[in-house]
Each structure stands twice: as structure tokens, then as C-alpha cells.
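Dumped start.txt below, it's compact mmCIF, C-alpha atoms:
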```txt
# COMPACT_ATOMS: atom_id res chain seq x y z
CA MET A 1 -0.57 27.94 15.10
CA LYS A 2 -1.88 24.82 13.44
CA VAL A 3 -1.60 21.19 14.47
CA CYS A 4 -0.80 18.27 12.13
CA LYS A 5 -3.88 16.11 11.62
CA ILE A 6 -1.83 12.88 11.70
CA CYS A 7 0.84 13.19 14.39
CA GLY A 8 -0.29 16.26 16.34
CA LYS A 9 2.91 18.30 15.93
CA ILE A 10 2.65 22.06 15.68
CA ILE A 11 2.98 23.41 12.11
CA ASP A 12 4.43 26.72 10.97
CA ALA A 13 1.37 28.18 9.29
CA ASP A 14 3.01 29.72 6.23
CA SER A 15 -0.03 28.63 4.22
CA ARG A 16 -3.67 28.39 5.23
CA ALA A 17 -4.07 25.14 3.30
CA LYS A 18 -1.27 23.31 5.12
CA LYS A 19 -2.66 20.38 7.16
CA TYR A 20 0.35 18.09 7.68
CA CYS A 21 3.82 18.69 9.11
CA SER A 22 5.82 16.48 6.73
CA PRO A 23 5.64 14.49 3.50
CA GLU A 24 5.44 11.32 5.63
CA CYS A 25 2.29 12.56 7.39
CA ARG A 26 0.82 13.61 4.03
CA ALA A 27 1.54 10.13 2.61
CA ARG A 28 -0.01 8.50 5.71
CA ALA A 29 -3.14 10.64 5.32
CA LYS A 30 -3.42 9.63 1.64
CA TYR A 31 -3.00 5.97 2.58
CA LEU A 32 -5.75 6.19 5.20
CA LYS A 33 -8.05 8.03 2.80
CA ASP A 34 -7.46 5.43 0.06
CA ARG A 35 -8.08 2.52 2.48
CA ALA A 36 -11.34 4.12 3.63
CA TRP A 37 -12.47 4.51 0.02
CA LEU A 38 -11.64 0.85 -0.73
CA ALA A 39 -13.63 -0.27 2.31
CA GLU A 40 -16.65 1.79 1.21
CA HIS A 41 -16.51 0.68 -2.46
CA PRO A 42 -15.47 -3.01 -2.63
CA GLU A 43 -17.22 -3.60 -5.97
CA LYS A 44 -15.37 -0.70 -7.64
CA SER A 45 -12.10 -1.93 -6.15
CA ALA A 46 -12.68 -5.42 -7.56
CA GLN A 47 -13.57 -3.94 -10.95
CA TYR A 48 -10.31 -1.93 -11.00
CA GLY A 49 -8.37 -5.04 -10.00
CA ARG A 50 -9.89 -7.11 -12.80
CA LYS A 51 -9.19 -4.38 -15.34
CA TYR A 52 -5.56 -4.11 -14.16
CA TYR A 53 -5.14 -7.90 -14.36
CA GLN A 54 -6.52 -7.98 -17.91
CA THR A 55 -4.10 -5.29 -19.11
CA HIS A 56 -1.06 -6.65 -17.18
CA ARG A 57 -1.77 -10.38 -17.28
CA GLU A 58 1.76 -11.51 -18.19
CA ASP A 59 3.38 -9.39 -15.46
CA CYS A 60 0.89 -10.67 -12.85
CA LEU A 61 1.51 -14.30 -13.80
CA LYS A 62 5.27 -13.77 -13.75
CA ALA A 63 5.12 -12.18 -10.27
CA LYS A 64 2.87 -14.99 -9.02
CA HIS A 65 5.26 -17.61 -10.39
CA GLU A 66 8.28 -15.92 -8.79
CA ALA A 67 6.53 -15.68 -5.41
CA TYR A 68 5.61 -19.38 -5.57
CA ARG A 69 9.15 -20.32 -6.53
CA LYS A 70 10.61 -18.24 -3.70
CA ALA A 71 8.25 -19.83 -1.16
CA CYS A 72 9.19 -23.31 -2.39
CA MET A 73 12.91 -22.55 -2.17
CA GLU A 74 12.53 -21.18 1.37
CA ARG A 75 10.58 -24.28 2.39
CA PHE A 76 13.17 -26.56 0.74
CA ASN A 77 16.10 -24.75 2.37
CA GLY A 78 14.34 -24.87 5.76
CA GLU A 79 13.75 -28.63 5.48
CA SER A 80 17.31 -29.41 4.33
CA GLU A 81 18.80 -27.48 7.28
CA SER A 82 16.67 -29.34 9.85
CA THR A 83 17.67 -32.81 8.58
```
Show me the file's structure as C-alpha cells.
Amino acid sequence: MKVCKICGKIIDADSRAKKYCSPECRARAKYLKDRAWLAEHPEKSAQYGRKYYQTHREDCLKAKHEAYRKACMERFNGESEST
């Protein structure tokens, strides 16, 4: 019997390589592994971010504009309700 490395549930050991009980635990393990890598390599992470921004500049600016507009509308609607 094996135990899931994330949640501790018992796993049916139909494969020796199985480490997680569900796709959710596997996704959580990948998330934790990726976050650890980002913490250990901040300069590489920044380099990847700059490269992504250069190749997707228009999409990034559009998303930034939409987020700003949404925040302004929420602030405006909140102020108009209180008056």
C-alpha cells in the first residue's frame, strides 16, 4: 500500500510510479514544485516574464486596461450607492 504525498490517502498501487491519489493532488504537487522553482530562480522567472511580455505586448496592455476599467467602475458604483 502506498500513501499520497499530498493528502495522505491510501493509493491502490497498480503502478510502482504512482505517487498521488487523484488528478487534483497531482496538479497541487506540480503547483508546489513550480512555486519552489520560481522562488529559487527569480532572475530566470523575470527573464521569462519579460520575454512573454515582448511577444504578447498587445494582449498584456489590453488585459491591464480592462482590469483598470473594471476597478474604476467598481469604485464608481460603490461611491454612487453610498451617496
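What separates atom CA of A:Ala17 from atom CA of A:Lys5 is a distance of 12.3 Å.
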Padding of 3 Å on every side, edges along x, y and z, all listed atoms of stretch 40-48 of chain A included: what centre and edge lengths in Å, to one decimal, does that box have, as JSON?
```
{"center_x": -13.8, "center_y": -1.8, "center_z": -4.9, "size_x": 12.9, "size_y": 13.2, "size_z": 18.2}
```
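Here atom CA of A:Cys4 is placed at a distance of 11.4 Å from atom CA of A:Pro23.
Atom CA of A:Arg26 to atom CA of A:Val3 spans 13.1 Å [interatomic distance, one decimal].
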Extract, using only C-alpha atoms, all DNA, RNA and protein residues at most 7 Å from A:Cys21, discarding same-chain residues fewer than 3 positions from it, and format them as a PyMOL selection string.
chain A and resi 4+9+11+25
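Among the candidates A:Arg50, A:His56, A:Lys2, A:Lys44, the residue lying nearest to A:Arg16 is A:Lys2 (atoms considered: all atoms listed in the file).
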With N, CA and C atoms as the goal, would you fill in the gaps in stretch 54-83 of chain A and present it as a compact mmCIF listing (two decimals), in the coordinates of the input?
```
# COMPACT_ATOMS: atom_id res chain seq x y z
N GLN A 54 -6.34 -7.74 -16.48
CA GLN A 54 -6.52 -7.98 -17.91
C GLN A 54 -5.45 -7.27 -18.73
N THR A 55 -5.09 -6.05 -18.33
CA THR A 55 -4.10 -5.29 -19.11
C THR A 55 -2.67 -5.69 -18.78
N HIS A 56 -2.41 -6.28 -17.60
CA HIS A 56 -1.06 -6.65 -17.18
C HIS A 56 -0.98 -8.14 -16.84
N ARG A 57 -1.66 -8.96 -17.60
CA ARG A 57 -1.77 -10.38 -17.28
C ARG A 57 -0.42 -11.08 -17.19
N GLU A 58 0.46 -10.84 -18.16
CA GLU A 58 1.76 -11.51 -18.19
C GLU A 58 2.61 -11.13 -16.97
N ASP A 59 2.61 -9.85 -16.62
CA ASP A 59 3.38 -9.39 -15.46
C ASP A 59 2.83 -10.01 -14.17
N CYS A 60 1.51 -10.09 -14.05
CA CYS A 60 0.89 -10.67 -12.85
C CYS A 60 1.24 -12.15 -12.72
N LEU A 61 1.18 -12.87 -13.83
CA LEU A 61 1.51 -14.30 -13.80
C LEU A 61 2.98 -14.51 -13.47
N LYS A 62 3.84 -13.67 -14.02
CA LYS A 62 5.27 -13.77 -13.75
C LYS A 62 5.56 -13.51 -12.26
N ALA A 63 4.93 -12.49 -11.68
CA ALA A 63 5.12 -12.18 -10.27
C ALA A 63 4.59 -13.32 -9.39
N LYS A 64 3.46 -13.88 -9.77
CA LYS A 64 2.87 -14.99 -9.02
C LYS A 64 3.80 -16.20 -9.06
N HIS A 65 4.35 -16.48 -10.23
CA HIS A 65 5.26 -17.61 -10.39
C HIS A 65 6.52 -17.41 -9.55
N GLU A 66 7.07 -16.21 -9.57
CA GLU A 66 8.28 -15.92 -8.79
C GLU A 66 8.02 -16.04 -7.29
N ALA A 67 6.87 -15.58 -6.83
CA ALA A 67 6.53 -15.68 -5.41
C ALA A 67 6.39 -17.14 -5.00
N TYR A 68 5.76 -17.96 -5.85
CA TYR A 68 5.61 -19.38 -5.57
C TYR A 68 6.98 -20.06 -5.51
N ARG A 69 7.82 -19.73 -6.47
CA ARG A 69 9.15 -20.32 -6.53
C ARG A 69 9.97 -19.94 -5.29
N LYS A 70 9.89 -18.69 -4.88
CA LYS A 70 10.61 -18.24 -3.70
C LYS A 70 10.13 -18.97 -2.45
N ALA A 71 8.80 -19.12 -2.31
CA ALA A 71 8.25 -19.83 -1.16
C ALA A 71 8.71 -21.29 -1.15
N CYS A 72 8.74 -21.92 -2.30
CA CYS A 72 9.19 -23.31 -2.39
C CYS A 72 10.66 -23.43 -2.02
N MET A 73 11.48 -22.51 -2.49
CA MET A 73 12.91 -22.55 -2.17
C MET A 73 13.14 -22.33 -0.67
N GLU A 74 12.39 -21.41 -0.06
CA GLU A 74 12.53 -21.18 1.37
C GLU A 74 12.12 -22.42 2.16
N ARG A 75 11.04 -23.06 1.72
CA ARG A 75 10.58 -24.28 2.39
C ARG A 75 11.62 -25.39 2.23
N PHE A 76 12.17 -25.53 1.02
CA PHE A 76 13.17 -26.56 0.74
C PHE A 76 14.43 -26.30 1.57
N ASN A 77 14.90 -25.07 1.61
CA ASN A 77 16.10 -24.75 2.37
C ASN A 77 15.86 -24.94 3.86
N GLY A 78 14.67 -24.66 4.34
CA GLY A 78 14.34 -24.87 5.76
C GLY A 78 14.31 -26.34 6.12
N GLU A 79 13.81 -27.19 5.22
CA GLU A 79 13.75 -28.63 5.48
C GLU A 79 15.13 -29.26 5.42
N SER A 80 15.96 -28.80 4.47
CA SER A 80 17.31 -29.41 4.33
C SER A 80 18.19 -29.04 5.50
N GLU A 81 17.99 -27.87 6.13
CA GLU A 81 18.80 -27.48 7.28
C GLU A 81 18.42 -28.27 8.52
N SER A 82 17.14 -28.65 8.64
CA SER A 82 16.67 -29.34 9.85
C SER A 82 17.02 -30.83 9.82
N THR A 83 17.35 -31.39 8.64
CA THR A 83 17.67 -32.81 8.58
C THR A 83 19.14 -33.09 8.73
```
